[in-house]
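J.: I am attaching a structure below and will ask some questions about it afterwards.
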Amino acid sequence: MSIRLFDSKEQALRDFSPLVPGRVGMYVCGPTVQSSPHVGHLRSALVYDQLRRWLIHEGFQVTLVRNVTDIDDKVLDNAQAAGVEEWWALAYRMEAEFTAAYDLLGIQRPTYEPRATASIPEMIALISRLIERGHAYPAADGSGDVYFNTASWSAYGELTNQKPAEMEAATDADPRGKKAPQDFALWKGHKAGDPASASWASPWGTGRPGWHIECSAMSTKYLGDTFDIHGGGLDLRFPHHENELAQSAAAGDGFAQYWLHNGLVSVGGQKMSKSLGNSVFAADLLDKAKPVVLRYLLGSAQYRSTLELHDGSIEEAKASFERIEGFLDRVRRDGGEIVSADVPAAFRSAMNDDLNIPAALAVVFDLVRSGNSALDGGDASTAASLAAEVVAMLDVLGVNPLDAAWAPDSIQGDAALDLLMAELLEARASARANKDFATADLLRERLAAAGITIEDTPHGAHWSFNGR
Ligand SMILES: Nc1ncnc2c1ncn2[C@@H]1O[C@H](COP(=O)(O)OP(=O)(O)OP(=O)(O)O)[C@@H](O)[C@H]1O
Ligand SMILES: [Zn+2]
């Protein structure tokens, strides 16, 4: 069975067939690094991380490009509002925050992560091609702006199935010399008061690129003029992706073969957005649960659906995830060895069905349930083989709690802790054997104060650190 993906241009599920067999080129719109990442941004990156992991599991070689928009009106405005800060200093600082948040959630780094400012020559070349082909024009007012000529491109509106006359006007800051309200800026001429460091030389005078042209130039620079998948949040379908498609197609590029859009994280029914001030940050949730649980929460809905965050979301995710962890702990404690296994067929068909993660997780929980029953009946070997399949599925989803990536400390730190704990547990066991319960209890209390819990099992004492 092949992988089916919902192509939002066709508004239909399509069998996925890459341009080059066995290889996938995927471009995902990354953040405008104007402020700290909220969990909506993280969900977007996570969805494409899940898709990438699944494609790799199915034998594809994936090239993932996710850009960093480091020059844009919003970056300039926020840097100016902050006072002394240079726009590029703000952009760099925010980019580092995004990277740290992605890493925290186990979102693998893209193959390439280009900054817009490193591809200005490619953007200028693309705009020049559009002017030559009659699809773009420099503004007649001498402002140095260049606009895409929507009237010249009859396919304009094809991505979102809209007629140009019914579209809202492009909201370019201070539009100068546009022929039609829908025409959008490809290049923004330098204005008095703009920092000199935010101006690049071009055939139309100094200035800077518009946002949409950045993605058209960076995607084709790294993936070729025709590539497989273009992704981003649903909020970017229009105008951003509509405009990307128009520019690239009008310039003669084949561009993306499949358009994917992730659903948004919302709060009280509204999109989580910096401008609405309803942002929830990773740190807000991480005092209630560890990072793997946050990844589980943000990655457990179907990627196209809205993920509504409410007060109890993280606790609910924690409770579900602890059922999985509890089973794996039980298996390990009862001596069953978890060997490697492939994912069950039902999981594979769920993932192949437009990455249906809720259905895939239902398979995980089925196996957890059967595994627990096997343990209840004393059948450790059946439980261990079910656990192996559970681990294989969790690995694909990037939420395997046994993965070293989620370990709280460095491996060396863990080893030292193991050694110390073995000695302390031995001391406690001999105190108990000598009926010196006061010492045994004191040891348990002191360990509890350090976040270490001891549980006595038929196979000896078992310890865990802060529930991990
Ligand atoms: N609430 C959200 N839920 C899911 N994805 C989101 C959300 N907000 C932004 N994204 C996605 O994150 C990626 C980076 O977004 P970008 O920096 O353009 O943010 P934005 O849409 O301007 O955010 P904001 O509205 O908070 O300013 C894009 O693919 C975007 O669609
Ligand atoms: Zn983009």
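Residues in the structure tokens are named by chain (A, B, ... in the order shown) and by number from 1 within that chain; ligands are numbered from 1 in the order shown.
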Counting only C-alpha atoms and all ligand atoms, name the residues that have an atom within 8 Å of an atom of ligand 2; the answer should be given as a list in words.
T.: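 Listed by chain and ascending number, the contacts are Val28, Cys29, Gly30, Asn67, Trp211, His212, Glu214, Cys215, Ser216, Gly232, Leu236, His240, His241 and Glu244 of chain A.
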J.: Could the residues in this selection be saved with all heavy atoms as a JSON list (two decimals), in the first residue's frame?
T.:
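selection25.json was written with the following content:
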```json
[["chain", "number", "residue", "atom", "x", "y", "z"],
["A", 28, "VAL", "N", 9.38, 23.33, 3.83],
["A", 28, "VAL", "CA", 8.40, 23.75, 4.84],
["A", 28, "VAL", "C", 8.69, 25.19, 5.24],
["A", 28, "VAL", "O", 9.85, 25.55, 5.49],
["A", 28, "VAL", "CB", 8.51, 22.84, 6.10],
["A", 28, "VAL", "CG1", 7.60, 23.35, 7.20],
["A", 28, "VAL", "CG2", 8.17, 21.40, 5.75],
["A", 29, "CYS", "N", 7.64, 26.01, 5.26],
["A", 29, "CYS", "CA", 7.83, 27.40, 5.67],
["A", 29, "CYS", "C", 8.19, 27.47, 7.14],
["A", 29, "CYS", "O", 7.43, 27.02, 8.00],
["A", 29, "CYS", "CB", 6.57, 28.21, 5.43],
["A", 29, "CYS", "SG", 6.27, 28.48, 3.69],
["A", 30, "GLY", "N", 9.35, 28.02, 7.39],
["A", 30, "GLY", "CA", 9.81, 28.16, 8.77],
["A", 30, "GLY", "C", 9.37, 29.51, 9.33],
["A", 30, "GLY", "O", 8.60, 30.24, 8.70],
["A", 67, "ASN", "N", 13.06, 27.01, 6.06],
["A", 67, "ASN", "CA", 13.79, 28.28, 6.03],
["A", 67, "ASN", "C", 13.66, 29.05, 7.34],
["A", 67, "ASN", "O", 12.84, 28.74, 8.20],
["A", 67, "ASN", "CB", 13.25, 29.15, 4.90],
["A", 67, "ASN", "CG", 11.88, 29.67, 5.25],
["A", 67, "ASN", "OD1", 10.94, 28.91, 5.42],
["A", 67, "ASN", "ND2", 11.76, 30.98, 5.43],
["A", 211, "TRP", "N", 8.25, 38.96, 1.41],
["A", 211, "TRP", "CA", 8.27, 37.66, 2.11],
["A", 211, "TRP", "C", 8.05, 36.48, 1.14],
["A", 211, "TRP", "O", 8.75, 35.47, 1.18],
["A", 211, "TRP", "CB", 7.19, 37.70, 3.19],
["A", 211, "TRP", "CG", 6.93, 36.43, 3.92],
["A", 211, "TRP", "CD1", 7.85, 35.47, 4.26],
["A", 211, "TRP", "CD2", 5.67, 35.97, 4.43],
["A", 211, "TRP", "NE1", 7.25, 34.46, 4.96],
["A", 211, "TRP", "CE2", 5.90, 34.74, 5.08],
["A", 211, "TRP", "CE3", 4.37, 36.49, 4.42],
["A", 211, "TRP", "CZ2", 4.88, 34.01, 5.70],
["A", 211, "TRP", "CZ3", 3.36, 35.77, 5.04],
["A", 211, "TRP", "CH2", 3.61, 34.55, 5.67],
["A", 212, "HIS", "N", 7.04, 36.62, 0.24],
["A", 212, "HIS", "CA", 6.67, 35.47, -0.59],
["A", 212, "HIS", "C", 7.81, 35.02, -1.50],
["A", 212, "HIS", "O", 8.04, 33.83, -1.69],
["A", 212, "HIS", "CB", 5.43, 35.78, -1.43],
["A", 212, "HIS", "CG", 4.36, 36.48, -0.66],
["A", 212, "HIS", "ND1", 3.82, 35.96, 0.48],
["A", 212, "HIS", "CD2", 3.73, 37.68, -0.86],
["A", 212, "HIS", "CE1", 2.89, 36.80, 0.96],
["A", 212, "HIS", "NE2", 2.83, 37.85, 0.16],
["A", 214, "GLU", "N", 10.87, 35.12, -1.03],
["A", 214, "GLU", "CA", 11.93, 34.43, -0.28],
["A", 214, "GLU", "C", 11.76, 32.92, -0.37],
["A", 214, "GLU", "O", 12.71, 32.18, -0.68],
["A", 214, "GLU", "CB", 11.89, 34.85, 1.20],
["A", 214, "GLU", "CG", 12.19, 36.33, 1.42],
["A", 214, "GLU", "CD", 12.20, 36.74, 2.89],
["A", 214, "GLU", "OE1", 11.83, 35.93, 3.77],
["A", 214, "GLU", "OE2", 12.57, 37.88, 3.16],
["A", 215, "CYS", "N", 10.52, 32.46, -0.12],
["A", 215, "CYS", "CA", 10.29, 31.01, -0.11],
["A", 215, "CYS", "C", 10.39, 30.41, -1.52],
["A", 215, "CYS", "O", 10.91, 29.30, -1.70],
["A", 215, "CYS", "CB", 8.95, 30.68, 0.53],
["A", 215, "CYS", "SG", 9.00, 30.88, 2.32],
["A", 216, "SER", "N", 9.90, 31.15, -2.53],
["A", 216, "SER", "CA", 10.04, 30.64, -3.91],
["A", 216, "SER", "C", 11.51, 30.45, -4.26],
["A", 216, "SER", "O", 11.90, 29.46, -4.87],
["A", 216, "SER", "CB", 9.41, 31.62, -4.91],
["A", 216, "SER", "OG", 8.00, 31.51, -4.88],
["A", 232, "GLY", "N", 3.37, 23.81, 5.33],
["A", 232, "GLY", "CA", 3.30, 25.01, 6.17],
["A", 232, "GLY", "C", 1.96, 25.01, 6.89],
["A", 232, "GLY", "O", 1.12, 24.11, 6.66],
["A", 236, "LEU", "N", -1.06, 29.95, 6.20],
["A", 236, "LEU", "CA", -0.19, 30.45, 5.12],
["A", 236, "LEU", "C", -0.73, 30.14, 3.72],
["A", 236, "LEU", "O", -0.16, 30.57, 2.72],
["A", 236, "LEU", "CB", 1.22, 29.87, 5.25],
["A", 236, "LEU", "CG", 1.97, 30.17, 6.55],
["A", 236, "LEU", "CD1", 3.42, 29.73, 6.42],
["A", 236, "LEU", "CD2", 1.93, 31.66, 6.88],
["A", 240, "HIS", "N", 0.19, 33.74, 1.35],
["A", 240, "HIS", "CA", 1.60, 33.38, 1.15],
["A", 240, "HIS", "C", 1.81, 32.28, 0.10],
["A", 240, "HIS", "O", 2.56, 32.46, -0.85],
["A", 240, "HIS", "CB", 2.20, 32.98, 2.50],
["A", 240, "HIS", "CG", 3.66, 32.70, 2.46],
["A", 240, "HIS", "ND1", 4.57, 33.59, 1.93],
["A", 240, "HIS", "CD2", 4.38, 31.63, 2.87],
["A", 240, "HIS", "CE1", 5.79, 33.07, 2.03],
["A", 240, "HIS", "NE2", 5.70, 31.89, 2.58],
["A", 241, "HIS", "N", 1.13, 31.16, 0.27],
["A", 241, "HIS", "CA", 1.39, 30.05, -0.67],
["A", 241, "HIS", "C", 0.79, 30.30, -2.05],
["A", 241, "HIS", "O", 1.35, 29.88, -3.06],
["A", 241, "HIS", "CB", 0.90, 28.73, -0.06],
["A", 241, "HIS", "CG", 1.73, 28.32, 1.13],
["A", 241, "HIS", "ND1", 1.32, 27.41, 2.05],
["A", 241, "HIS", "CD2", 2.96, 28.71, 1.52],
["A", 241, "HIS", "CE1", 2.26, 27.26, 2.97],
["A", 241, "HIS", "NE2", 3.26, 28.05, 2.68],
["A", 244, "GLU", "N", 3.41, 32.39, -3.61],
["A", 244, "GLU", "CA", 4.60, 31.60, -3.94],
["A", 244, "GLU", "C", 4.37, 30.82, -5.24],
["A", 244, "GLU", "O", 5.20, 30.81, -6.15],
["A", 244, "GLU", "CB", 4.88, 30.56, -2.84],
["A", 244, "GLU", "CG", 5.67, 31.04, -1.66],
["A", 244, "GLU", "CD", 6.04, 29.86, -0.77],
["A", 244, "GLU", "OE1", 6.48, 28.81, -1.29],
["A", 244, "GLU", "OE2", 5.88, 29.98, 0.44]]
```
J.: From a DSSP pass on the backbone, collect the residues of segment 121-314 of chain A flagged as strand (DSSP E or B) and hand them back as a ChimeraX atom specification.
T.: /A:136-138,146-148,185-189,200,207-209,226-233,255-262,265-267,270-271,307-309
J.: Would you write out, as CSV, a table of all residues in chain A that have an atom no more than 9 Å from an atom of ligand 1, listing for each the closest atom pair and the distance in Å to one decimal, considering only C-alpha atoms and all ligand atoms and ordering rows by chain and rising residue number?
T.:
```
residue,atom,partner,partner_atom_place_in_ligand_line,distance
A:Val28,CA,ligand 1,29 (O),6.8
A:Cys29,CA,ligand 1,29 (O),4.9
A:Gly30,CA,ligand 1,14 (C),4.7
A:Pro31,CA,ligand 1,17 (O),3.3
A:Thr32,CA,ligand 1,17 (O),3.8
A:Val33,CA,ligand 1,17 (O),6.4
A:Gln34,CA,ligand 1,17 (O),7.7
A:Ser35,CA,ligand 1,27 (O),8.5
A:Pro37,CA,ligand 1,26 (O),8.1
A:His38,CA,ligand 1,26 (O),7.2
A:Val39,CA,ligand 1,3 (N),7.3
A:Gly40,CA,ligand 1,3 (N),3.5
A:His41,CA,ligand 1,12 (O),3.8
A:Leu42,CA,ligand 1,12 (O),7.0
A:Arg43,CA,ligand 1,4 (C),5.6
A:Ser44,CA,ligand 1,5 (N),4.5
A:Ala45,CA,ligand 1,12 (O),7.0
A:Val68,CA,ligand 1,17 (O),8.6
A:Thr69,CA,ligand 1,17 (O),7.7
A:Lys74,CA,ligand 1,22 (O),8.9
A:Gly231,CA,ligand 1,29 (O),7.2
A:Gly232,CA,ligand 1,29 (O),3.7
A:Gly233,CA,ligand 1,31 (O),2.9
A:Leu234,CA,ligand 1,31 (O),5.8
A:Asp235,CA,ligand 1,31 (O),5.2
A:Leu236,CA,ligand 1,31 (O),5.2
A:Arg237,CA,ligand 1,31 (O),8.4
A:His261,CA,ligand 1,31 (O),8.0
A:Asn262,CA,ligand 1,5 (N),6.6
A:Gly263,CA,ligand 1,4 (C),5.9
A:Leu264,CA,ligand 1,3 (N),3.3
A:Val265,CA,ligand 1,3 (N),3.8
A:Ser266,CA,ligand 1,1 (N),5.8
A:Val267,CA,ligand 1,1 (N),8.6
A:Gln270,CA,ligand 1,1 (N),8.5
A:Lys271,CA,ligand 1,1 (N),4.9
A:Met272,CA,ligand 1,1 (N),3.9
A:Ser273,CA,ligand 1,26 (O),3.2
A:Lys274,CA,ligand 1,26 (O),3.7
A:Ser275,CA,ligand 1,27 (O),5.7
A:Leu276,CA,ligand 1,26 (O),7.7
A:Gly277,CA,ligand 1,26 (O),8.5
A:Asn278,CA,ligand 1,26 (O),8.8
A:Ser279,CA,ligand 1,26 (O),7.4
A:Thr306,CA,ligand 1,3 (N),7.9
A:Leu307,CA,ligand 1,3 (N),7.9
```
J.: When distances are computed from only C-alpha atoms, which of A:Leu294, A:Met218, A:Ala384, A:Leu260 shows the smallest separation from Ile107 of chain A?
T.: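 Looking only at the distances to Ile107 of chain A, the closest residue turns out to be A:Leu294.
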